[in-house]
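K.L.:
Input upload-v6.cif, format and content: mmCIF, C-alpha atoms, pLDDT in the B column; chains and numbers go by the auth columns.
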data_entry
#
loop_
_atom_site.group_PDB
_atom_site.id
_atom_site.type_symbol
_atom_site.label_atom_id
_atom_site.label_comp_id
_atom_site.label_asym_id
_atom_site.label_seq_id
_atom_site.Cartn_x
_atom_site.Cartn_y
_atom_site.Cartn_z
_atom_site.B_iso_or_equiv
_atom_site.auth_seq_id
_atom_site.auth_asym_id
ATOM 1 C CA MET A 1 12.477 0.247 2.214 80.00 293 A
ATOM 2 C CA TYR A 2 9.007 0.916 3.651 92.00 294 A
ATOM 3 C CA ARG A 3 6.988 3.960 4.683 94.00 295 A
ATOM 4 C CA VAL A 4 4.063 4.620 7.024 97.00 296 A
ATOM 5 C CA LEU A 5 1.889 7.341 5.489 96.00 297 A
ATOM 6 C CA GLN A 6 -1.229 9.284 6.455 97.00 298 A
ATOM 7 C CA ILE A 7 -3.553 8.731 3.499 97.00 299 A
ATOM 8 C CA LEU A 8 -7.218 9.286 4.425 98.00 300 A
ATOM 9 C CA THR A 9 -9.121 12.158 5.992 98.00 301 A
ATOM 10 C CA ASP A 10 -11.643 11.547 8.776 97.00 302 A
ATOM 11 C CA GLY A 11 -14.462 11.960 6.266 98.00 303 A
ATOM 12 C CA GLU A 12 -12.943 9.393 3.900 98.00 304 A
ATOM 13 C CA ILE A 13 -12.468 6.919 6.752 98.00 305 A
ATOM 14 C CA ALA A 14 -16.121 7.354 7.715 98.00 306 A
ATOM 15 C CA GLU A 15 -17.257 6.814 4.132 98.00 307 A
ATOM 16 C CA CYS A 16 -15.216 3.609 3.795 98.00 308 A
ATOM 17 C CA ARG A 17 -16.719 2.318 7.026 97.00 309 A
ATOM 18 C CA ARG A 18 -20.220 3.234 5.836 97.00 310 A
ATOM 19 C CA ILE A 19 -19.712 1.304 2.600 97.00 311 A
ATOM 20 C CA ALA A 20 -18.319 -1.687 4.496 97.00 312 A
ATOM 21 C CA ALA A 21 -21.220 -1.710 6.948 96.00 313 A
ATOM 22 C CA SER A 22 -23.880 -1.597 4.227 95.00 314 A
ATOM 23 C CA THR A 23 -22.391 -4.011 1.693 94.00 315 A
ATOM 24 C CA PRO A 24 -21.997 -7.826 1.752 93.00 316 A
ATOM 25 C CA PHE A 25 -18.522 -9.324 1.931 94.00 317 A
ATOM 26 C CA VAL A 26 -17.629 -12.741 0.485 93.00 318 A
ATOM 27 C CA ASP A 27 -14.967 -15.355 1.143 91.00 319 A
ATOM 28 C CA GLY A 28 -11.621 -13.809 0.165 86.00 320 A
ATOM 29 C CA ARG A 29 -10.610 -16.966 -1.659 84.00 321 A
ATOM 30 C CA ILE A 30 -13.083 -16.099 -4.423 81.00 322 A
ATOM 31 C CA SER A 31 -10.160 -14.310 -6.110 74.00 323 A
ATOM 32 C CA ASN A 32 -7.688 -17.141 -5.438 73.00 324 A
ATOM 33 C CA PRO A 33 -9.433 -20.454 -4.656 77.00 325 A
ATOM 34 C CA HIS A 34 -6.180 -22.397 -4.293 76.00 326 A
ATOM 35 C CA ASN A 35 -4.661 -20.089 -1.658 78.00 327 A
ATOM 36 C CA LYS A 36 -4.897 -22.116 1.563 81.00 328 A
ATOM 37 C CA ALA A 37 -3.166 -19.379 3.592 86.00 329 A
ATOM 38 C CA LYS A 38 -5.923 -16.846 2.913 90.00 330 A
ATOM 39 C CA GLN A 39 -8.730 -16.675 5.479 93.00 331 A
ATOM 40 C CA ASN A 40 -10.563 -13.370 5.197 94.00 332 A
ATOM 41 C CA GLU A 41 -13.479 -11.660 3.508 95.00 333 A
ATOM 42 C CA GLN A 42 -13.480 -9.089 0.731 95.00 334 A
ATOM 43 C CA LEU A 43 -15.878 -6.536 -0.702 93.00 335 A
ATOM 44 C CA HIS A 44 -17.715 -8.021 -3.666 86.00 336 A
ATOM 45 C CA ASP A 45 -20.592 -5.770 -4.764 92.00 337 A
ATOM 46 C CA PRO A 46 -19.424 -4.040 -8.002 93.00 338 A
ATOM 47 C CA GLY A 47 -20.947 -0.649 -7.203 95.00 339 A
ATOM 48 C CA ALA A 48 -19.585 -0.490 -3.661 96.00 340 A
ATOM 49 C CA TYR A 49 -16.208 -1.796 -4.813 95.00 341 A
ATOM 50 C CA GLN A 50 -15.913 0.865 -7.509 96.00 342 A
ATOM 51 C CA LYS A 51 -16.940 3.689 -5.182 97.00 343 A
ATOM 52 C CA SER A 52 -14.591 2.703 -2.355 97.00 344 A
ATOM 53 C CA SER A 53 -11.767 1.907 -4.767 97.00 345 A
ATOM 54 C CA GLU A 54 -11.945 5.318 -6.438 97.00 346 A
ATOM 55 C CA LEU A 55 -12.006 7.056 -3.058 98.00 347 A
ATOM 56 C CA LEU A 56 -8.945 5.146 -1.845 98.00 348 A
ATOM 57 C CA ARG A 57 -7.033 5.497 -5.111 97.00 349 A
ATOM 58 C CA ASN A 58 -7.624 9.246 -5.292 98.00 350 A
ATOM 59 C CA ALA A 59 -6.487 9.649 -1.694 98.00 351 A
ATOM 60 C CA MET A 60 -3.261 7.786 -2.394 98.00 352 A
ATOM 61 C CA LEU A 61 -2.491 9.762 -5.554 97.00 353 A
ATOM 62 C CA ARG A 62 -3.174 12.970 -3.617 97.00 354 A
ATOM 63 C CA SER A 63 -0.428 12.123 -1.115 96.00 355 A
ATOM 64 C CA ALA A 64 2.812 13.824 -2.124 93.00 356 A
ATOM 65 C CA GLU A 65 4.834 11.518 0.124 93.00 357 A
ATOM 66 C CA PHE A 66 3.301 8.424 -1.462 96.00 358 A
ATOM 67 C CA MET A 67 4.084 9.713 -4.948 95.00 359 A
ATOM 68 C CA GLU A 68 7.661 10.592 -3.986 93.00 360 A
ATOM 69 C CA PHE A 69 8.285 7.246 -2.276 95.00 361 A
ATOM 70 C CA ALA A 70 6.539 4.836 -4.673 96.00 362 A
ATOM 71 C CA PHE A 71 7.057 6.528 -8.077 96.00 363 A
ATOM 72 C CA PRO A 72 3.785 4.853 -9.160 96.00 364 A
ATOM 73 C CA VAL A 73 3.038 4.170 -12.804 95.00 365 A
ATOM 74 C CA SER A 74 0.124 1.757 -12.256 96.00 366 A
ATOM 75 C CA MET A 75 -1.956 0.640 -9.299 97.00 367 A
ATOM 76 C CA ALA A 76 -4.438 -2.166 -8.718 97.00 368 A
ATOM 77 C CA PRO A 77 -7.863 -0.881 -7.601 96.00 369 A
ATOM 78 C CA PRO A 78 -7.732 -0.856 -3.771 97.00 370 A
ATOM 79 C CA MET A 79 -10.010 -3.474 -2.223 96.00 371 A
ATOM 80 C CA MET A 80 -11.489 -3.495 1.272 97.00 372 A
ATOM 81 C CA THR A 81 -10.971 -6.732 3.184 97.00 373 A
ATOM 82 C CA ARG A 82 -12.313 -7.820 6.553 97.00 374 A
ATOM 83 C CA TYR A 83 -11.035 -10.190 9.245 97.00 375 A
ATOM 84 C CA LYS A 84 -13.348 -11.594 11.911 97.00 376 A
ATOM 85 C CA PRO A 85 -12.283 -13.705 14.913 97.00 377 A
ATOM 86 C CA SER A 86 -10.062 -16.680 13.952 96.00 378 A
ATOM 87 C CA MET A 87 -9.414 -15.239 10.478 96.00 379 A
ATOM 88 C CA LYS A 88 -5.828 -14.717 9.334 96.00 380 A
ATOM 89 C CA TYR A 89 -3.586 -14.656 6.284 95.00 381 A
ATOM 90 C CA GLY A 90 -0.663 -17.039 6.647 94.00 382 A
ATOM 91 C CA ALA A 91 2.871 -16.224 5.533 93.00 383 A
ATOM 92 C CA HIS A 92 2.858 -15.634 1.791 91.00 384 A
ATOM 93 C CA ALA A 93 4.424 -13.728 -1.073 88.00 385 A
ATOM 94 C CA ASP A 94 2.327 -11.516 -3.329 92.00 386 A
ATOM 95 C CA ALA A 95 2.026 -12.491 -6.979 92.00 387 A
ATOM 96 C CA ALA A 96 4.661 -10.917 -9.198 95.00 388 A
ATOM 97 C CA PHE A 97 2.051 -9.858 -11.746 95.00 389 A
ATOM 98 C CA ILE A 98 -1.530 -8.733 -11.088 94.00 390 A
ATOM 99 C CA GLN A 99 -4.080 -9.270 -13.848 92.00 391 A
ATOM 100 C CA LEU A 100 -6.453 -6.319 -14.217 90.00 392 A
ATOM 101 C CA PRO A 101 -9.212 -5.732 -16.757 87.00 393 A
ATOM 102 C CA GLY A 102 -7.345 -4.892 -19.937 88.00 394 A
ATOM 103 C CA ALA A 103 -3.889 -4.780 -18.361 91.00 395 A
ATOM 104 C CA THR A 104 -1.311 -6.581 -16.252 96.00 396 A
ATOM 105 C CA ILE A 105 0.842 -4.784 -13.693 96.00 397 A
ATOM 106 C CA ARG A 106 4.028 -5.842 -11.913 96.00 398 A
ATOM 107 C CA SER A 107 3.738 -5.712 -8.122 97.00 399 A
ATOM 108 C CA ASP A 108 6.762 -3.787 -6.885 97.00 400 A
ATOM 109 C CA LEU A 109 5.093 -2.419 -3.737 97.00 401 A
ATOM 110 C CA SER A 110 2.223 -3.649 -1.594 97.00 402 A
ATOM 111 C CA CYS A 111 0.058 -1.366 0.513 98.00 403 A
ATOM 112 C CA THR A 112 -2.324 -1.890 3.425 98.00 404 A
ATOM 113 C CA ILE A 113 -4.553 1.017 4.480 98.00 405 A
ATOM 114 C CA PHE A 114 -6.007 0.613 7.983 98.00 406 A
ATOM 115 C CA LEU A 115 -9.659 1.664 8.329 98.00 407 A
ATOM 116 C CA ASN A 116 -10.707 1.017 11.924 96.00 408 A
ATOM 117 C CA ASP A 117 -9.274 1.724 15.357 96.00 409 A
ATOM 118 C CA PRO A 118 -6.685 -0.857 16.505 96.00 410 A
ATOM 119 C CA LYS A 119 -8.494 -0.891 19.872 96.00 411 A
ATOM 120 C CA ASP A 120 -11.518 -2.411 18.112 95.00 412 A
ATOM 121 C CA TYR A 121 -9.786 -5.755 17.623 97.00 413 A
ATOM 122 C CA GLU A 122 -7.101 -7.983 19.102 97.00 414 A
ATOM 123 C CA GLY A 123 -4.483 -9.626 16.918 97.00 415 A
ATOM 124 C CA GLY A 124 -4.580 -8.785 13.227 97.00 416 A
ATOM 125 C CA GLU A 125 -1.084 -7.296 13.042 97.00 417 A
ATOM 126 C CA LEU A 126 0.607 -7.209 9.652 97.00 418 A
ATOM 127 C CA LEU A 127 4.017 -8.880 9.961 97.00 419 A
ATOM 128 C CA VAL A 128 6.546 -8.101 7.231 96.00 420 A
ATOM 129 C CA ARG A 129 9.914 -9.829 7.022 94.00 421 A
ATOM 130 C CA LEU A 130 12.673 -7.572 5.681 86.00 422 A
ATOM 131 C CA GLY A 131 16.013 -9.343 5.829 84.00 423 A
ATOM 132 C CA ASP A 132 16.503 -10.644 9.369 86.00 424 A
ATOM 133 C CA ALA A 133 13.916 -8.236 10.790 88.00 425 A
ATOM 134 C CA GLU A 134 10.245 -8.977 11.358 91.00 426 A
ATOM 135 C CA LEU A 135 8.286 -5.738 11.472 94.00 427 A
ATOM 136 C CA LYS A 136 4.805 -5.512 12.993 96.00 428 A
ATOM 137 C CA PHE A 137 2.169 -2.971 11.918 97.00 429 A
ATOM 138 C CA LYS A 138 -1.228 -2.208 13.452 97.00 430 A
ATOM 139 C CA LEU A 139 -1.882 1.392 12.530 98.00 431 A
ATOM 140 C CA PRO A 140 -4.505 4.034 13.347 98.00 432 A
ATOM 141 C CA PRO A 141 -7.352 4.457 10.838 98.00 433 A
ATOM 142 C CA GLY A 142 -6.350 6.380 7.739 98.00 434 A
ATOM 143 C CA GLN A 143 -2.688 5.403 7.887 98.00 435 A
ATOM 144 C CA ALA A 144 -1.046 3.057 5.383 98.00 436 A
ATOM 145 C CA ILE A 145 2.057 0.920 5.266 97.00 437 A
ATOM 146 C CA VAL A 146 3.790 0.657 1.871 97.00 438 A
ATOM 147 C CA TYR A 147 6.384 -2.114 1.648 95.00 439 A
ATOM 148 C CA PRO A 148 8.193 -4.259 -0.963 94.00 440 A
ATOM 149 C CA SER A 149 5.967 -6.857 -2.596 95.00 441 A
ATOM 150 C CA ASP A 150 8.836 -9.351 -2.733 92.00 442 A
ATOM 151 C CA SER A 151 8.874 -9.666 1.062 94.00 443 A
ATOM 152 C CA LEU A 152 7.286 -12.540 2.976 94.00 444 A
ATOM 153 C CA HIS A 153 4.398 -11.251 5.096 96.00 445 A
ATOM 154 C CA GLN A 154 1.323 -12.382 6.993 96.00 446 A
ATOM 155 C CA VAL A 155 -1.692 -11.206 9.003 97.00 447 A
ATOM 156 C CA VAL A 156 -1.781 -12.529 12.570 97.00 448 A
ATOM 157 C CA PRO A 157 -5.074 -14.243 13.536 97.00 449 A
ATOM 158 C CA VAL A 158 -7.744 -11.898 14.885 97.00 450 A
ATOM 159 C CA SER A 159 -8.882 -13.073 18.320 97.00 451 A
ATOM 160 C CA ARG A 160 -11.508 -10.394 19.056 97.00 452 A
ATOM 161 C CA GLY A 161 -13.440 -7.808 17.086 97.00 453 A
ATOM 162 C CA GLU A 162 -13.058 -7.012 13.413 97.00 454 A
ATOM 163 C CA ARG A 163 -10.091 -5.838 11.345 98.00 455 A
ATOM 164 C CA LEU A 164 -11.040 -3.649 8.365 98.00 456 A
ATOM 165 C CA VAL A 165 -8.354 -2.651 5.858 98.00 457 A
ATOM 166 C CA ALA A 166 -7.893 -1.956 2.162 98.00 458 A
ATOM 167 C CA ILE A 167 -5.088 -3.449 0.096 97.00 459 A
ATOM 168 C CA THR A 168 -3.524 -2.592 -3.235 97.00 460 A
ATOM 169 C CA PHE A 169 -0.416 -3.252 -5.315 97.00 461 A
ATOM 170 C CA ILE A 170 1.730 -0.696 -7.118 98.00 462 A
ATOM 171 C CA GLN A 171 3.990 -0.897 -10.134 97.00 463 A
ATOM 172 C CA SER A 172 6.794 1.612 -9.727 97.00 464 A
ATOM 173 C CA ARG A 173 8.708 3.459 -12.404 95.00 465 A
ATOM 174 C CA ILE A 174 11.804 2.393 -10.459 95.00 466 A
ATOM 175 C CA GLN A 175 11.701 -1.389 -10.136 94.00 467 A
ATOM 176 C CA ASP A 176 14.880 -1.792 -8.089 93.00 468 A
ATOM 177 C CA PRO A 177 14.108 -1.072 -4.390 90.00 469 A
ATOM 178 C CA PHE A 178 17.641 0.170 -3.616 92.00 470 A
ATOM 179 C CA ARG A 179 17.527 2.703 -6.441 94.00 471 A
ATOM 180 C CA ARG A 180 13.984 3.725 -5.527 93.00 472 A
ATOM 181 C CA ASN A 181 14.984 4.362 -1.920 92.00 473 A
ATOM 182 C CA MET A 182 18.096 6.314 -2.947 93.00 474 A
ATOM 183 C CA LEU A 183 16.022 8.555 -5.203 94.00 475 A
ATOM 184 C CA TYR A 184 13.501 9.108 -2.417 92.00 476 A
ATOM 185 C CA GLU A 185 16.259 10.116 0.029 92.00 477 A
ATOM 186 C CA LEU A 186 17.905 12.385 -2.539 92.00 478 A
ATOM 187 C CA ASN A 187 14.590 14.071 -3.301 90.00 479 A
ATOM 188 C CA GLU A 188 13.940 14.540 0.430 90.00 480 A
ATOM 189 C CA VAL A 189 17.322 16.248 0.901 91.00 481 A
ATOM 190 C CA ALA A 190 16.688 18.487 -2.097 90.00 482 A
ATOM 191 C CA ALA A 191 13.258 19.462 -0.769 88.00 483 A
ATOM 192 C CA LEU A 192 14.501 20.175 2.761 89.00 484 A
ATOM 193 C CA GLU A 193 17.829 21.841 1.993 89.00 485 A
ATOM 194 C CA GLY A 194 17.596 23.042 -1.598 85.00 486 A
ATOM 195 C CA LEU A 195 16.557 26.619 -0.812 83.00 487 A
ATOM 196 C CA LYS A 196 19.535 26.980 1.542 90.00 488 A
ATOM 197 C CA MET A 197 22.042 25.918 -1.126 90.00 489 A
ATOM 198 C CA ASP A 198 23.986 28.044 -3.560 92.00 490 A
ATOM 199 C CA PRO A 199 21.726 28.290 -6.640 90.00 491 A
ATOM 200 C CA ASP A 200 24.359 26.821 -8.945 92.00 492 A
ATOM 201 C CA ASN A 201 24.906 23.826 -6.657 92.00 493 A
ATOM 202 C CA PHE A 202 21.166 23.341 -6.277 91.00 494 A
ATOM 203 C CA GLY A 203 20.895 23.284 -10.057 93.00 495 A
ATOM 204 C CA ARG A 204 23.571 20.592 -10.190 92.00 496 A
ATOM 205 C CA LEU A 205 21.695 18.579 -7.547 91.00 497 A
ATOM 206 C CA GLN A 206 18.496 18.809 -9.581 91.00 498 A
ATOM 207 C CA LEU A 207 20.404 17.635 -12.652 94.00 499 A
ATOM 208 C CA VAL A 208 21.584 14.562 -10.726 92.00 500 A
ATOM 209 C CA GLN A 209 18.025 13.866 -9.574 91.00 501 A
ATOM 210 C CA GLN A 210 16.582 14.022 -13.072 92.00 502 A
ATOM 211 C CA ASN A 211 19.425 12.104 -14.707 94.00 503 A
ATOM 212 C CA LEU A 212 19.152 9.263 -12.190 93.00 504 A
ATOM 213 C CA LEU A 213 15.400 9.148 -12.708 91.00 505 A
ATOM 214 C CA ARG A 214 15.924 9.153 -16.472 92.00 506 A
ATOM 215 C CA HIS A 215 18.595 6.439 -16.276 93.00 507 A
ATOM 216 C CA TRP A 216 16.921 4.145 -13.717 93.00 508 A
ATOM 217 C CA SER A 217 13.299 4.404 -14.828 91.00 509 A
ATOM 218 C CA ASP A 218 12.004 1.473 -16.876 86.00 510 A
ATOM 219 C CA MET A 219 9.076 3.485 -18.286 77.00 511 A
ATOM 220 C CA PRO A 220 7.917 7.104 -18.493 71.00 512 A
#
Written as structure tokens, that's how I'd like the structure from this file.
P.N.:
Amino acid sequence: MYRVLQILTDGEIAECRRIAASTPFVDGRISNPHNKAKQNEQLHDPGAYQKSSELLRNAMLRSAEFMEFAFPVSMAPPMMTRYKPSMKYGAHADAAFIQLPGATIRSDLSCTIFLNDPKDYEGGELLVRLGDAELKFKLPPGQAIVYPSDSLHQVVPVSRGERLVAITFIQSRIQDPFRRNMLYELNEVAALEGLKMDPDNFGRLQLVQQNLLRHWSDMP
């Protein structure tokens, strides 16, 4: 139901950090003034936002594993956010629909891309509740966690240093998480074992893959 992925190269991480270090951040509640749980800062300068967002988006779309897991059809422009000491994001659910310029997307998956070394700050873990489990993520720079947007999650208060991440939301071609995960697993098996199979049986497996995608997808 979730995946940890390597998204950014060392050069892309360095560029994101350079943009963050040279650009003002503003109160994160500028995008949601009524959200009392939100205590962070976000990138605000239009030029810096566009440059970093394009870099992050292109890196995600370049990742074969991201594409195969998320089945993305639309994505909100990734935004860099920053947490200083005492900042946090209390337990919350992401909005079902994200308003973008000229479009609205449904948030099926949420994504956090970590941009600085976890040794640079204390606290700041992303906690995601999936069923009875509470999963904790504090990843190396360049790695991302992609998880269901309908899960309750929070960012633990930062007690030292600075937490720098980017966040985005994805609308998937496969809205149902069970079906999406089954297709991902089936595609993984086909990729790993397909060349070892009898060609006729591999053809039948590919037919099942495409027919399930055709049947379960809510848009091309």
K.L.:
Would you tabulate, counting all atoms listed in the file, all residues of segment 346-430 of chain A that have an atom at most 7 Å from an atom of segment 456-461 of chain A, showing the closest pair of atoms and their distance in Å to one decimal, sorted by chain then ascending number, as a Markdown table?
P.N.:
| residue | atom | partner | partner_atom | distance |
| --- | --- | --- | --- | --- |
| A:Met367 | CA | A:Phe461 | CA | 5.8 |
| A:Ala368 | CA | A:Phe461 | CA | 5.4 |
| A:Pro369 | CA | A:Thr460 | CA | 6.4 |
| A:Pro370 | CA | A:Thr460 | CA | 4.6 |
| A:Met371 | CA | A:Ala458 | CA | 5.1 |
| A:Met372 | CA | A:Ala458 | CA | 4.0 |
| A:Thr373 | CA | A:Val457 | CA | 5.5 |
| A:Arg374 | CA | A:Leu456 | CA | 4.7 |
| A:Tyr375 | CA | A:Leu456 | CA | 6.6 |
| A:Ser399 | CA | A:Phe461 | CA | 5.6 |
| A:Leu401 | CA | A:Phe461 | CA | 5.8 |
| A:Ser402 | CA | A:Phe461 | CA | 4.6 |
| A:Cys403 | CA | A:Thr460 | CA | 5.3 |
| A:Thr404 | CA | A:Ile459 | CA | 4.6 |
| A:Ile405 | CA | A:Ala458 | CA | 5.0 |
| A:Phe406 | CA | A:Val457 | CA | 4.5 |
| A:Leu407 | CA | A:Val457 | CA | 5.1 |
| A:Asn408 | CA | A:Leu456 | CA | 5.9 |
K.L.:
Name the residues that the PyMOL selection byres ((chain A and resi 428) around 7) picks from the file above, as an mmCIF file with C-alpha atoms, keeping the file's coordinate frame, using the file's chain letters and numbers.
P.N.:
data_model
loop_
_atom_site.group_PDB
_atom_site.id
_atom_site.type_symbol
_atom_site.label_atom_id
_atom_site.label_comp_id
_atom_site.auth_asym_id
_atom_site.auth_seq_id
_atom_site.Cartn_x
_atom_site.Cartn_y
_atom_site.Cartn_z
ATOM 1 C CA GLU A 417 -1.084 -7.296 13.042
ATOM 2 C CA LEU A 418 0.607 -7.209 9.652
ATOM 3 C CA LEU A 419 4.017 -8.880 9.961
ATOM 4 C CA VAL A 420 6.546 -8.101 7.231
ATOM 5 C CA GLU A 426 10.245 -8.977 11.358
ATOM 6 C CA LEU A 427 8.286 -5.738 11.472
ATOM 7 C CA PHE A 429 2.169 -2.971 11.918
ATOM 8 C CA LYS A 430 -1.228 -2.208 13.452
#
K.L.:
Between A:Met352, A:Lys330, A:Leu478, A:Phe389, single out the one closest to Pro364 of chain A, counting all atoms listed in the file.
P.N.:
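Among the listed residues, the smallest separation from Pro364 of chain A belongs to A:Met352.
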K.L.:
Considering all atoms listed in the file, state which residue in the set A:Ala313, A:Tyr381, A:Lys343, A:Asn350 is at the smallest distance from Asn327 of chain A.
P.N.:
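When distances to Asn327 of chain A are compared using all atoms listed in the file, the smallest one comes from A:Tyr381.
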K.L.:
In file coordinates, which residues lie within 8 Å of (-9.8, -13.2, 1.6) using all atoms listed in the file, given as a PyMOL selection string?
P.N.:
chain A and resi 318-323+330-334+373-374+381
K.L.:
Hey, can I get the axis-aligned box for segment 409-413 of chain A? All listed atoms, 4 Å padding on each side, centre and edge lengths in Å to one decimal, as lines of an AutoDock Vina configuration file.
P.N.:
center_x = -9.1
center_y = -2.0
center_z = 17.6
size_x = 12.8
size_y = 15.5
size_z = 12.5
K.L.:
Mind giving me the straight-line distance from atom CA of Met379 of chain A to atom CA of Pro449 of chain A in Å, one decimal?
P.N.:
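A separation of 5.4 Å between them.
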K.L.:
From the list A:Asp492, A:Glu357, A:Asp400, A:Asp510, which residue is nearest Leu297 of chain A when using all atoms listed in the file?
P.N.:
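Distance minimum relative to Leu297 of chain A lands on A:Glu357.
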K.L.:
Can you work out which one of A:Val450, A:Asp386, A:Leu335, A:Pro393 has the shortest atom-to-atom distance to Pro410 of chain A, counting all atoms listed in the file?
P.N.:
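Checking each candidate against Pro410 of chain A, we get A:Val450 as the closest.
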